[in-house]
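S.K.: Coordinates in work_39.pdb, PDB, C-alpha atoms, are listed below.
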```pdb
ATOM      1  CA  MET Q  27      21.080 -26.296   7.537
ATOM      2  CA  THR Q  28      18.272 -24.384   5.883
ATOM      3  CA  GLU Q  29      18.440 -24.700   2.106
ATOM      4  CA  ARG Q  30      21.929 -23.613   1.135
ATOM      5  CA  PRO Q  31      22.450 -22.398  -2.396
ATOM      6  CA  ASP Q  32      25.160 -23.586  -4.712
ATOM      7  CA  THR Q  33      27.768 -20.881  -4.606
ATOM      8  CA  ASN Q  34      30.034 -19.928  -7.468
ATOM      9  CA  PRO Q  35      33.582 -19.074  -6.400
ATOM     10  CA  GLU Q  36      33.999 -16.750  -9.371
ATOM     11  CA  LEU Q  37      30.982 -14.666  -8.414
ATOM     12  CA  ASP Q  38      30.367 -15.165  -4.696
ATOM     13  CA  LEU Q  39      32.136 -14.403  -1.446
ATOM     14  CA  VAL Q  40      31.436 -16.580   1.574
ATOM     15  CA  LEU Q  41      32.158 -16.183   5.283
ATOM     16  CA  GLU Q  42      31.460 -19.262   7.400
ATOM     17  CA  ARG Q  43      32.180 -19.581  11.087
ATOM     18  CA  VAL Q  44      30.789 -21.132  14.269
ATOM     19  CA  VAL Q  45      30.095 -18.466  16.884
ATOM     20  CA  ASP Q  46      29.306 -19.020  20.556
ATOM     21  CA  VAL Q  47      25.929 -17.321  20.745
ATOM     22  CA  PRO Q  48      22.519 -18.906  20.106
ATOM     23  CA  HIS Q  49      21.081 -18.400  16.646
ATOM     24  CA  GLU Q  50      18.001 -16.622  18.044
ATOM     25  CA  LEU Q  51      20.279 -13.861  19.332
ATOM     26  CA  VAL Q  52      22.241 -13.653  16.086
ATOM     27  CA  TRP Q  53      18.878 -13.230  14.375
ATOM     28  CA  ARG Q  54      17.903 -10.387  16.707
ATOM     29  CA  ALA Q  55      21.221  -8.633  16.085
ATOM     30  CA  TRP Q  56      20.498  -8.804  12.348
ATOM     31  CA  THR Q  57      16.851  -7.768  12.420
ATOM     32  CA  GLU Q  58      16.456  -5.140  15.162
ATOM     33  CA  PRO Q  59      17.849  -1.749  14.094
ATOM     34  CA  GLU Q  60      18.943  -0.643  17.563
ATOM     35  CA  HIS Q  61      21.194  -3.703  17.800
ATOM     36  CA  LEU Q  62      22.321  -3.750  14.183
ATOM     37  CA  VAL Q  63      23.779  -0.242  14.305
ATOM     38  CA  ARG Q  64      26.122  -1.372  17.097
ATOM     39  CA  TRP Q  65      27.942  -4.022  15.060
ATOM     40  CA  PHE Q  66      27.169  -3.725  11.328
ATOM     41  CA  THR Q  67      30.224  -1.655  10.339
ATOM     42  CA  PRO Q  68      33.756  -2.553  11.403
ATOM     43  CA  ALA Q  69      35.111   0.105  13.793
ATOM     44  CA  PRO Q  70      36.261   2.824  13.455
ATOM     45  CA  TRP Q  71      33.526   3.069  10.806
ATOM     46  CA  GLN Q  72      30.037   3.456  12.243
ATOM     47  CA  THR Q  73      26.494   2.689  11.176
ATOM     48  CA  VAL Q  74      24.534   5.808  12.047
ATOM     49  CA  ALA Q  75      21.106   4.944  10.650
ATOM     50  CA  CYS Q  76      19.190   1.746  10.027
ATOM     51  CA  GLU Q  77      15.683   1.066   8.785
ATOM     52  CA  ILE Q  78      14.282  -2.462   8.762
ATOM     53  CA  ASP Q  79      10.883  -3.465   7.399
ATOM     54  CA  LEU Q  80      11.114  -7.198   7.856
ATOM     55  CA  ARG Q  81       8.934  -8.603   5.087
ATOM     56  CA  PRO Q  82       9.553  -9.543   1.444
ATOM     57  CA  GLY Q  83       9.871  -6.292  -0.475
ATOM     58  CA  GLY Q  84      10.385  -4.345   2.767
ATOM     59  CA  ARG Q  85      13.163  -1.832   3.195
ATOM     60  CA  PHE Q  86      16.655  -2.572   4.544
ATOM     61  CA  ARG Q  87      18.534   0.702   4.637
ATOM     62  CA  THR Q  88      21.738   1.671   6.411
ATOM     63  CA  VAL Q  89      23.992   4.704   6.493
ATOM     64  CA  MET Q  90      27.686   4.378   7.285
ATOM     65  CA  ARG Q  91      29.932   7.074   8.667
ATOM     66  CA  SER Q  92      33.642   7.143   7.914
ATOM     67  CA  PRO Q  93      36.281   7.502  10.632
ATOM     68  CA  ASP Q  94      36.560  11.144   9.491
ATOM     69  CA  GLY Q  95      32.886  11.697  10.299
ATOM     70  CA  VAL Q  96      31.607  11.725   6.719
ATOM     71  CA  ASP Q  97      28.283  10.024   6.059
ATOM     72  CA  MET Q  98      28.213   7.820   2.974
ATOM     73  CA  PRO Q  99      25.209   7.660   0.622
ATOM     74  CA  ALA Q 100      22.634   5.307   2.130
ATOM     75  CA  ASN Q 101      22.703   1.643   1.225
ATOM     76  CA  ASP Q 102      19.086   1.021   0.287
ATOM     77  CA  GLY Q 103      17.587  -2.276  -0.653
ATOM     78  CA  CYS Q 104      14.871  -4.766   0.184
ATOM     79  CA  TYR Q 105      14.380  -8.120   1.811
ATOM     80  CA  LEU Q 106      13.602 -11.108  -0.374
ATOM     81  CA  GLU Q 107      13.239 -14.026   2.050
ATOM     82  CA  ILE Q 108      12.776 -14.105   5.785
ATOM     83  CA  GLU Q 109      12.794 -17.408   7.621
ATOM     84  CA  ARG Q 110      12.825 -16.449  11.274
ATOM     85  CA  HIS Q 111      16.009 -17.455  13.129
ATOM     86  CA  ARG Q 112      17.316 -19.294  10.069
ATOM     87  CA  ARG Q 113      17.580 -17.436   6.807
ATOM     88  CA  LEU Q 114      17.649 -13.809   5.742
ATOM     89  CA  VAL Q 115      18.032 -12.722   2.122
ATOM     90  CA  TRP Q 116      18.153  -9.174   0.857
ATOM     91  CA  THR Q 117      19.470  -7.305  -2.149
ATOM     92  CA  ASP Q 118      20.475  -3.809  -3.146
ATOM     93  CA  ALA Q 119      19.526  -4.624  -6.760
ATOM     94  CA  LEU Q 120      15.930  -3.833  -5.830
ATOM     95  CA  LEU Q 121      14.618  -0.907  -3.831
ATOM     96  CA  PRO Q 122      11.757  -1.385  -1.374
ATOM     97  CA  GLY Q 123       8.672  -2.581  -3.247
ATOM     98  CA  TYR Q 124      10.992  -4.353  -5.706
ATOM     99  CA  ARG Q 125      11.750  -1.439  -8.023
ATOM    100  CA  PRO Q 126      15.079  -2.067  -9.859
ATOM    101  CA  ALA Q 127      17.831  -0.029  -8.211
ATOM    102  CA  PRO Q 128      20.038   2.457 -10.044
ATOM    103  CA  GLU Q 129      23.276   0.923  -8.749
ATOM    104  CA  PRO Q 130      22.913  -2.761  -7.967
ATOM    105  CA  PHE Q 131      25.868  -4.414  -6.314
ATOM    106  CA  MET Q 132      24.969  -7.599  -4.451
ATOM    107  CA  THR Q 133      22.461  -9.964  -2.943
ATOM    108  CA  ALA Q 134      23.307 -11.221   0.542
ATOM    109  CA  MET Q 135      22.176 -14.351   2.309
ATOM    110  CA  ILE Q 136      22.644 -15.065   6.001
ATOM    111  CA  LEU Q 137      22.124 -18.685   7.046
ATOM    112  CA  LEU Q 138      21.984 -19.677  10.714
ATOM    113  CA  GLU Q 139      21.976 -23.135  12.226
ATOM    114  CA  PRO Q 140      22.234 -24.193  15.852
ATOM    115  CA  GLU Q 141      25.533 -25.953  16.569
ATOM    116  CA  GLY Q 142      26.118 -27.065  20.154
ATOM    117  CA  THR Q 143      25.289 -24.031  22.274
ATOM    118  CA  GLY Q 144      26.290 -21.732  19.435
ATOM    119  CA  THR Q 145      25.521 -21.060  15.795
ATOM    120  CA  ARG Q 146      26.941 -22.058  12.454
ATOM    121  CA  TYR Q 147      26.944 -18.731  10.637
ATOM    122  CA  VAL Q 148      27.167 -18.538   6.857
ATOM    123  CA  ALA Q 149      27.145 -15.219   5.029
ATOM    124  CA  ILE Q 150      27.084 -15.272   1.228
ATOM    125  CA  ALA Q 151      27.494 -12.226  -0.999
ATOM    126  CA  MET Q 152      26.414 -12.834  -4.618
ATOM    127  CA  HIS Q 153      27.551 -10.525  -7.405
ATOM    128  CA  ARG Q 154      26.542  -9.965 -10.993
ATOM    129  CA  ASP Q 155      30.008 -10.601 -12.395
ATOM    130  CA  ALA Q 156      33.602 -11.424 -11.476
ATOM    131  CA  GLU Q 157      34.554  -7.758 -11.505
ATOM    132  CA  ALA Q 158      32.007  -6.869  -8.828
ATOM    133  CA  ARG Q 159      33.089  -9.835  -6.745
ATOM    134  CA  GLN Q 160      36.729  -8.786  -7.017
ATOM    135  CA  ARG Q 161      35.884  -5.210  -6.114
ATOM    136  CA  HIS Q 162      34.082  -6.446  -3.011
ATOM    137  CA  GLU Q 163      37.034  -8.656  -2.092
ATOM    138  CA  ASP Q 164      39.401  -5.721  -2.577
ATOM    139  CA  MET Q 165      37.171  -3.557  -0.367
ATOM    140  CA  GLY Q 166      38.032  -6.046   2.380
ATOM    141  CA  PHE Q 167      35.087  -8.440   2.458
ATOM    142  CA  ALA Q 168      36.765 -11.163   4.511
ATOM    143  CA  ASP Q 169      38.308  -8.832   7.050
ATOM    144  CA  GLY Q 170      35.347  -6.454   7.191
ATOM    145  CA  TRP Q 171      32.556  -9.006   7.436
ATOM    146  CA  GLY Q 172      34.673 -11.033   9.863
ATOM    147  CA  LYS Q 173      35.314  -8.062  12.126
ATOM    148  CA  ALA Q 174      31.645  -7.086  11.972
ATOM    149  CA  LEU Q 175      30.755 -10.633  13.002
ATOM    150  CA  ASP Q 176      33.059 -10.327  16.030
ATOM    151  CA  GLN Q 177      31.188  -7.149  16.926
ATOM    152  CA  LEU Q 178      27.840  -8.908  16.379
ATOM    153  CA  VAL Q 179      28.850 -11.637  18.813
ATOM    154  CA  THR Q 180      29.700  -9.033  21.451
ATOM    155  CA  VAL Q 181      26.342  -7.321  20.950
ATOM    156  CA  ALA Q 182      24.376 -10.582  20.853
ATOM    157  CA  LYS Q 183      25.888 -11.727  24.164
ATOM    158  CA  GLU Q 184      24.407  -8.673  25.835
ATOM    159  CA  LEU Q 185      20.881  -9.363  24.578
TER
ATOM    160  CA  MET F  26      -7.904  -6.308  -4.628
ATOM    161  CA  THR F  27      -4.769  -7.942  -3.280
ATOM    162  CA  GLU F  28      -2.360  -5.365  -1.900
ATOM    163  CA  ARG F  29      -1.800  -2.855  -4.687
ATOM    164  CA  PRO F  30       1.360  -0.807  -4.576
ATOM    165  CA  ASP F  31       1.536   2.942  -4.939
ATOM    166  CA  THR F  32       2.648   3.497  -8.508
ATOM    167  CA  ASN F  33       4.742   6.385  -9.715
ATOM    168  CA  PRO F  34       3.676   7.734 -13.119
ATOM    169  CA  GLU F  35       7.226   8.898 -13.829
ATOM    170  CA  LEU F  36       8.679   5.424 -13.331
ATOM    171  CA  ASP F  37       5.871   2.929 -13.866
ATOM    172  CA  LEU F  38       3.663   1.748 -16.702
ATOM    173  CA  VAL F  39       0.247   0.319 -15.897
ATOM    174  CA  LEU F  40      -2.269  -1.670 -17.917
ATOM    175  CA  GLU F  41      -5.649  -2.168 -16.250
ATOM    176  CA  ARG F  42      -8.640  -3.843 -17.829
ATOM    177  CA  VAL F  43     -11.570  -6.098 -16.981
ATOM    178  CA  VAL F  44     -11.481  -9.299 -19.030
ATOM    179  CA  ASP F  45     -14.250 -11.868 -19.383
ATOM    180  CA  VAL F  46     -12.431 -14.958 -18.137
ATOM    181  CA  PRO F  47     -12.201 -16.175 -14.528
ATOM    182  CA  HIS F  48      -9.068 -15.183 -12.630
ATOM    183  CA  GLU F  49      -8.117 -18.831 -12.047
ATOM    184  CA  LEU F  50      -7.745 -19.264 -15.817
ATOM    185  CA  VAL F  51      -5.796 -16.033 -16.216
ATOM    186  CA  TRP F  52      -3.492 -17.381 -13.525
ATOM    187  CA  ARG F  53      -3.004 -20.647 -15.402
ATOM    188  CA  ALA F  54      -2.210 -18.776 -18.611
ATOM    189  CA  TRP F  55       0.501 -16.873 -16.714
ATOM    190  CA  THR F  56       2.030 -19.787 -14.814
ATOM    191  CA  GLU F  57       1.943 -22.823 -17.119
ATOM    192  CA  PRO F  58       4.600 -22.630 -19.835
ATOM    193  CA  GLU F  59       2.629 -24.526 -22.469
ATOM    194  CA  HIS F  60      -0.129 -21.909 -22.261
ATOM    195  CA  LEU F  61       2.127 -18.879 -21.779
ATOM    196  CA  VAL F  62       4.013 -19.443 -25.022
ATOM    197  CA  ARG F  63       0.715 -19.148 -26.934
ATOM    198  CA  TRP F  64      -0.061 -15.575 -25.867
ATOM    199  CA  PHE F  65       2.973 -13.900 -24.234
ATOM    200  CA  THR F  66       4.318 -12.103 -27.308
ATOM    201  CA  PRO F  67       2.091 -10.037 -29.612
ATOM    202  CA  ALA F  68       1.858 -11.701 -33.037
ATOM    203  CA  PRO F  69       3.620 -11.848 -35.445
ATOM    204  CA  TRP F  70       6.327 -12.146 -32.750
ATOM    205  CA  GLN F  71       6.417 -15.512 -31.026
ATOM    206  CA  THR F  72       7.513 -16.896 -27.692
ATOM    207  CA  VAL F  73       9.455 -20.030 -28.552
ATOM    208  CA  ALA F  74      10.703 -21.092 -25.121
ATOM    209  CA  CYS F  75       9.481 -20.655 -21.570
ATOM    210  CA  GLU F  76      10.761 -21.930 -18.239
ATOM    211  CA  ILE F  77       8.766 -21.400 -15.054
ATOM    212  CA  ASP F  78       9.900 -22.412 -11.567
ATOM    213  CA  LEU F  79       7.029 -20.991  -9.572
ATOM    214  CA  ARG F  80       8.594 -20.127  -6.197
ATOM    215  CA  PRO F  81      10.372 -17.073  -4.821
ATOM    216  CA  GLY F  82      13.814 -17.008  -6.400
ATOM    217  CA  GLY F  83      12.715 -19.478  -9.085
ATOM    218  CA  ARG F  84      13.387 -18.938 -12.761
ATOM    219  CA  PHE F  85      11.095 -17.165 -15.200
ATOM    220  CA  ARG F  86      12.742 -17.320 -18.604
ATOM    221  CA  THR F  87      11.360 -16.677 -22.076
ATOM    222  CA  VAL F  88      12.765 -16.492 -25.580
ATOM    223  CA  MET F  89      11.080 -14.381 -28.236
ATOM    224  CA  ARG F  90      11.363 -14.871 -31.987
ATOM    225  CA  SER F  91      11.030 -11.954 -34.381
ATOM    226  CA  PRO F  92       8.710 -12.023 -37.384
ATOM    227  CA  ASP F  93      11.900 -12.625 -39.444
ATOM    228  CA  GLY F  94      12.577 -15.801 -37.468
ATOM    229  CA  VAL F  95      15.432 -14.450 -35.387
ATOM    230  CA  ASP F  96      15.564 -15.543 -31.733
ATOM    231  CA  MET F  97      16.294 -12.755 -29.275
ATOM    232  CA  PRO F  98      18.572 -13.241 -26.268
ATOM    233  CA  ALA F  99      16.570 -14.920 -23.500
ATOM    234  CA  ASN F 100      14.756 -12.786 -20.960
ATOM    235  CA  ASP F 101      15.888 -14.353 -17.701
ATOM    236  CA  GLY F 102      14.718 -13.408 -14.251
ATOM    237  CA  CYS F 103      13.145 -14.715 -11.094
ATOM    238  CA  TYR F 104       9.879 -14.683  -9.219
ATOM    239  CA  LEU F 105       9.608 -12.616  -6.064
ATOM    240  CA  GLU F 106       6.052 -13.155  -4.822
ATOM    241  CA  ILE F 107       3.474 -15.749  -5.735
ATOM    242  CA  GLU F 108      -0.026 -15.516  -4.312
ATOM    243  CA  ARG F 109      -1.975 -18.138  -6.185
ATOM    244  CA  HIS F 110      -4.727 -16.771  -8.460
ATOM    245  CA  ARG F 111      -4.115 -13.236  -7.190
ATOM    246  CA  ARG F 112      -0.647 -11.808  -7.409
ATOM    247  CA  LEU F 113       2.507 -12.596  -9.348
ATOM    248  CA  VAL F 114       5.690 -10.552  -9.049
ATOM    249  CA  TRP F 115       8.925 -11.139 -10.906
ATOM    250  CA  THR F 116      11.971  -9.180 -11.956
ATOM    251  CA  ASP F 117      14.753  -9.304 -14.484
ATOM    252  CA  ALA F 118      16.989  -7.375 -12.073
ATOM    253  CA  LEU F 119      17.749 -10.679 -10.343
ATOM    254  CA  LEU F 120      18.604 -13.986 -11.941
ATOM    255  CA  PRO F 121      17.250 -17.231 -10.467
ATOM    256  CA  GLY F 122      18.526 -17.617  -6.901
ATOM    257  CA  TYR F 123      18.504 -13.803  -6.592
ATOM    258  CA  ARG F 124      21.906 -13.071  -8.145
ATOM    259  CA  PRO F 125      21.980  -9.471  -9.465
ATOM    260  CA  ALA F 126      21.503  -9.494 -13.232
ATOM    261  CA  PRO F 127      23.903  -7.903 -15.716
ATOM    262  CA  GLU F 128      21.161  -5.949 -17.491
ATOM    263  CA  PRO F 129      18.264  -5.134 -15.196
ATOM    264  CA  PHE F 130      15.269  -3.522 -16.821
ATOM    265  CA  MET F 131      12.052  -3.938 -14.847
ATOM    266  CA  THR F 132      10.022  -5.578 -12.139
ATOM    267  CA  ALA F 133       6.529  -6.657 -13.154
ATOM    268  CA  MET F 134       3.478  -7.233 -11.019
ATOM    269  CA  ILE F 135       0.268  -8.916 -12.161
ATOM    270  CA  LEU F 136      -2.744  -8.422  -9.909
ATOM    271  CA  LEU F 137      -5.955 -10.379 -10.442
ATOM    272  CA  GLU F 138      -9.336  -9.898  -8.812
ATOM    273  CA  PRO F 139     -12.668 -11.539  -9.603
ATOM    274  CA  GLU F 140     -15.139  -9.061 -11.062
ATOM    275  CA  GLY F 141     -18.537 -10.431 -12.000
ATOM    276  CA  THR F 142     -17.822 -13.548 -14.036
ATOM    277  CA  GLY F 143     -14.527 -12.060 -15.210
ATOM    278  CA  THR F 144     -11.327 -10.604 -13.819
ATOM    279  CA  ARG F 145      -9.996  -7.171 -13.071
ATOM    280  CA  TYR F 146      -6.482  -7.408 -14.504
ATOM    281  CA  VAL F 147      -3.751  -4.989 -13.483
ATOM    282  CA  ALA F 148      -0.234  -5.248 -14.900
ATOM    283  CA  ILE F 149       2.418  -2.905 -13.528
ATOM    284  CA  ALA F 150       5.929  -2.503 -14.945
ATOM    285  CA  MET F 151       8.336  -0.725 -12.564
ATOM    286  CA  HIS F 152      11.553   0.807 -13.840
ATOM    287  CA  ARG F 153      14.696   2.146 -12.244
ATOM    288  CA  ASP F 154      14.418   5.590 -13.796
ATOM    289  CA  ALA F 155      12.341   7.740 -16.133
ATOM    290  CA  GLU F 156      14.578   6.892 -19.085
ATOM    291  CA  ALA F 157      13.913   3.152 -18.760
ATOM    292  CA  ARG F 158      10.188   3.813 -18.382
ATOM    293  CA  GLN F 159      10.202   5.967 -21.516
ATOM    294  CA  ARG F 160      12.159   3.370 -23.455
ATOM    295  CA  HIS F 161       9.574   0.753 -22.476
ATOM    296  CA  GLU F 162       6.738   3.065 -23.507
ATOM    297  CA  ASP F 163       8.457   3.726 -26.836
ATOM    298  CA  MET F 164       8.888  -0.030 -27.348
ATOM    299  CA  GLY F 165       5.087  -0.131 -27.352
ATOM    300  CA  PHE F 166       4.153  -1.146 -23.806
ATOM    301  CA  ALA F 167       0.485  -0.172 -23.991
ATOM    302  CA  ASP F 168      -0.142  -1.691 -27.396
ATOM    303  CA  GLY F 169       2.096  -4.719 -26.841
ATOM    304  CA  TRP F 170       0.887  -5.695 -23.389
ATOM    305  CA  GLY F 171      -2.702  -4.949 -24.457
ATOM    306  CA  LYS F 172      -2.468  -7.137 -27.527
ATOM    307  CA  ALA F 173      -0.808  -9.903 -25.491
ATOM    308  CA  LEU F 174      -3.696  -9.681 -23.025
ATOM    309  CA  ASP F 175      -6.182 -10.140 -25.880
ATOM    310  CA  GLN F 176      -4.226 -13.259 -26.849
ATOM    311  CA  LEU F 177      -4.200 -14.434 -23.208
ATOM    312  CA  VAL F 178      -7.981 -14.154 -23.051
ATOM    313  CA  THR F 179      -8.312 -16.277 -26.177
ATOM    314  CA  VAL F 180      -5.995 -18.921 -24.717
ATOM    315  CA  ALA F 181      -7.631 -18.834 -21.260
ATOM    316  CA  LYS F 182     -11.095 -19.405 -22.750
ATOM    317  CA  GLU F 183      -9.859 -22.686 -24.200
ATOM    318  CA  LEU F 184      -8.590 -23.983 -20.845
TER
END
```
Will you turn the file into structure tokens for me?
M.R.:
Amino acid sequence: MTERPDTNPELDLVLERVVDVPHELVWRAWTEPEHLVRWFTPAPWQTVACEIDLRPGGRFRTVMRSPDGVDMPANDGCYLEIERHRRLVWTDALLPGYRPAPEPFMTAMILLEPEGTGTRYVAIAMHRDAEARQRHEDMGFADGWGKALDQLVTVAKEL
Amino acid sequence: MTERPDTNPELDLVLERVVDVPHELVWRAWTEPEHLVRWFTPAPWQTVACEIDLRPGGRFRTVMRSPDGVDMPANDGCYLEIERHRRLVWTDALLPGYRPAPEPFMTAMILLEPEGTGTRYVAIAMHRDAEARQRHEDMGFADGWGKALDQLVTVAKEL
């Protein structure tokens, strides 16, 4: 697998699963806005906007809509590392162009590796402290990211 | 000049000057710890420790000592972009490995371009808000970074 960081169970949340779609299609679902909006938020939440500028320092911005139809403040951040088909790192601690963000929460890393005809999928969310990690867990990280991954697989199979 | 970002005068501080040492030597003064400690902090302050792991996500850590001999808490952060001899970007908003930092303050960008036998030197400090920018200005950005640059030139000429 592409260089996998040491994770810290007190600060990080990890989702790891083997999914039955090729890693090239998982990559497309993560990096093409028209596909990402279809799976990124667990239903009945929706992602109603997505901007992707796929280069270090480039923008990754999404807007989520609640089941009641209320749009949340945009999640704005930037990419840090892009290794096509293998490794995607971004953070909301920095805005596009690397300016420190007013409300940093996490850095996320998606690692993809071919496994049989499918993909070993590892998603890591890194937080500044145990409180932020706990808050993310309480928000439903495992269930939410897992359900979103199910949706990703459905979308990726149609690509 | 290597890609220069749009700066925002309300959020950024900029030092630009032409110095009479080649850009390769300015680069060495910025990226080799044994040289950096000699110029990084305006005298009578000192830099008494420096760790450089020159890759995206790698550590850039310094410790400053006050004129009274008191060591400050370490400044810890990571590199974001490294374009040898030309462009160095790091932030203290992310710790090494990109984990969000507890106390983010700025992202810094050093841009170097050959000019005659010397170097056009541009240092940009980007802040999250106008308050942080003002605090940095009040801490003596222009004088401090300018004096450190004078020291850098002295060190670089000996390389």
S.K.: When you look at Arg86 (chain F) with a cut-off of 6 Å (counting all atoms listed in the file), what residues show up, excluding the ones that are within fewer than 5 positions of it in the same chain? I need them as a list in words.
M.R.: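 The filter keeps Cys75, Glu76, Asn100 and Asp101 of chain F.
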S.K.: With a distance threshold of 10 Å and counting all atoms listed in the file, extract the residues of chain F near chain Q and express them as a ChimeraX atom specification.
M.R.: /F:30-31,36-37,81-82,105-106,114-120,122-134,150-154
S.K.: Selected residues, C-alpha atoms, written as an mmCIF file, in the coordinates of the input, please.
M.R.:
```
data_model
loop_
_atom_site.group_PDB
_atom_site.id
_atom_site.type_symbol
_atom_site.label_atom_id
_atom_site.label_comp_id
_atom_site.auth_asym_id
_atom_site.auth_seq_id
_atom_site.Cartn_x
_atom_site.Cartn_y
_atom_site.Cartn_z
ATOM 1 C CA PRO F 30 1.360 -0.807 -4.576
ATOM 2 C CA ASP F 31 1.536 2.942 -4.939
ATOM 3 C CA LEU F 36 8.679 5.424 -13.331
ATOM 4 C CA ASP F 37 5.871 2.929 -13.866
ATOM 5 C CA PRO F 81 10.372 -17.073 -4.821
ATOM 6 C CA GLY F 82 13.814 -17.008 -6.400
ATOM 7 C CA LEU F 105 9.608 -12.616 -6.064
ATOM 8 C CA GLU F 106 6.052 -13.155 -4.822
ATOM 9 C CA VAL F 114 5.690 -10.552 -9.049
ATOM 10 C CA TRP F 115 8.925 -11.139 -10.906
ATOM 11 C CA THR F 116 11.971 -9.180 -11.956
ATOM 12 C CA ASP F 117 14.753 -9.304 -14.484
ATOM 13 C CA ALA F 118 16.989 -7.375 -12.073
ATOM 14 C CA LEU F 119 17.749 -10.679 -10.343
ATOM 15 C CA LEU F 120 18.604 -13.986 -11.941
ATOM 16 C CA GLY F 122 18.526 -17.617 -6.901
ATOM 17 C CA TYR F 123 18.504 -13.803 -6.592
ATOM 18 C CA ARG F 124 21.906 -13.071 -8.145
ATOM 19 C CA PRO F 125 21.980 -9.471 -9.465
ATOM 20 C CA ALA F 126 21.503 -9.494 -13.232
ATOM 21 C CA PRO F 127 23.903 -7.903 -15.716
ATOM 22 C CA GLU F 128 21.161 -5.949 -17.491
ATOM 23 C CA PRO F 129 18.264 -5.134 -15.196
ATOM 24 C CA PHE F 130 15.269 -3.522 -16.821
ATOM 25 C CA MET F 131 12.052 -3.938 -14.847
ATOM 26 C CA THR F 132 10.022 -5.578 -12.139
ATOM 27 C CA ALA F 133 6.529 -6.657 -13.154
ATOM 28 C CA MET F 134 3.478 -7.233 -11.019
ATOM 29 C CA ALA F 150 5.929 -2.503 -14.945
ATOM 30 C CA MET F 151 8.336 -0.725 -12.564
ATOM 31 C CA HIS F 152 11.553 0.807 -13.840
ATOM 32 C CA ARG F 153 14.696 2.146 -12.244
ATOM 33 C CA ASP F 154 14.418 5.590 -13.796
#
```
S.K.: Check what the PyMOL selection byres ((chain F and resi 87-97) around 12) selects in the file above and give those residues as a list in words.
M.R.: Pro58, Glu59, Leu61, Val62, Arg63, Trp64, Phe65, Thr66, Pro67, Ala68, Pro69, Trp70, Gln71, Thr72, Val73, Ala74, Cys75, Glu76, Ile77, Arg84, Phe85, Arg86, Pro98, Ala99, Asn100, Asp101, Gly102, Cys103 and Asp117 of chain F
S.K.: Given the choices Q:Asp79, Q:Glu42, Q:Asp164, Q:Asp176, which gets closest to Arg146 (chain Q) if the distance is worked out from only C-alpha atoms?
M.R.: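 Of all the options, Q:Glu42 lies closest to Arg146 (chain Q).
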S.K.: Identify, on the basis of only C-alpha atoms, every residue whose closest approach to Ile135 (chain F) does not exceed 7 Å; exclude the query and any residue fewer than 5 positions from it along the same chain; express the result as a PDB file with C-alpha atoms, in the coordinates of the input.
M.R.:
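Output contents, as saved in part37.pdb:
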```
ATOM      1  CA  ARG F 112      -0.647 -11.808  -7.409  1.00  0.00           C
ATOM      2  CA  LEU F 113       2.507 -12.596  -9.348  1.00  0.00           C
ATOM      3  CA  VAL F 114       5.690 -10.552  -9.049  1.00  0.00           C
ATOM      4  CA  VAL F 147      -3.751  -4.989 -13.483  1.00  0.00           C
ATOM      5  CA  ALA F 148      -0.234  -5.248 -14.900  1.00  0.00           C
ATOM      6  CA  ILE F 149       2.418  -2.905 -13.528  1.00  0.00           C
TER       7      ILE F 149
END
```
S.K.: Go ahead and compute the interatomic distance for CA of Gln176 (chain F) and CA of Val44 (chain F), in Å to one decimal.
M.R.: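 Computing the Euclidean distance for CA of Gln176 (chain F) and CA of Val44 (chain F) yields 11.4 Å.
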S.K.: Rounded to one decimal in Å, what is the spacing between CA of His162 (chain Q) and CA of Glu36 (chain Q)?
M.R.: 12.1 Å
S.K.: Please report, as JSON, the centre and edge lengths in Å to one decimal of an axis-aligned box covering all listed atoms of region 125-128 of chain Q with 6 Å per side.
M.R.:
```
{"center_x": 15.9, "center_y": 0.2, "center_z": -9.0, "size_x": 20.3, "size_y": 16.5, "size_z": 14.0}
```
S.K.: If you measure from CA of Val44 (chain Q) to CA of Glu29 (chain Q), what distance in Å do you get, rounded to one decimal?
M.R.: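 Straight-line distance from CA of Val44 (chain Q) to CA of Glu29 (chain Q) works out to 17.7 Å.
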S.K.: Got a sec: who's within 12 Å of Arg109 (chain F), counting only C-alpha atoms, leaving out chain neighbours fewer than 3 positions off, as a JSON list (two decimals) with C-alpha atoms, in the coordinates of the input?
M.R.:
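New file part-v8.json:
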```json
[["chain", "number", "residue", "atom", "x", "y", "z"],
["F", 27, "THR", "CA", -4.77, -7.94, -3.28],
["F", 48, "HIS", "CA", -9.07, -15.18, -12.63],
["F", 49, "GLU", "CA", -8.12, -18.83, -12.05],
["F", 50, "LEU", "CA", -7.74, -19.26, -15.82],
["F", 51, "VAL", "CA", -5.80, -16.03, -16.22],
["F", 52, "TRP", "CA", -3.49, -17.38, -13.52],
["F", 53, "ARG", "CA", -3.00, -20.65, -15.40],
["F", 55, "TRP", "CA", 0.50, -16.87, -16.71],
["F", 56, "THR", "CA", 2.03, -19.79, -14.81],
["F", 79, "LEU", "CA", 7.03, -20.99, -9.57],
["F", 80, "ARG", "CA", 8.59, -20.13, -6.20],
["F", 106, "GLU", "CA", 6.05, -13.16, -4.82],
["F", 112, "ARG", "CA", -0.65, -11.81, -7.41],
["F", 113, "LEU", "CA", 2.51, -12.60, -9.35],
["F", 114, "VAL", "CA", 5.69, -10.55, -9.05],
["F", 135, "ILE", "CA", 0.27, -8.92, -12.16],
["F", 136, "LEU", "CA", -2.74, -8.42, -9.91],
["F", 137, "LEU", "CA", -5.96, -10.38, -10.44],
["F", 138, "GLU", "CA", -9.34, -9.90, -8.81]]
```
S.K.: Hey, which of Q:Lys173, Q:Pro122, Q:Val179, Q:Arg30 ends up closest to Gly144 (chain Q)? Count all atoms listed in the file.
M.R.: Q:Val179
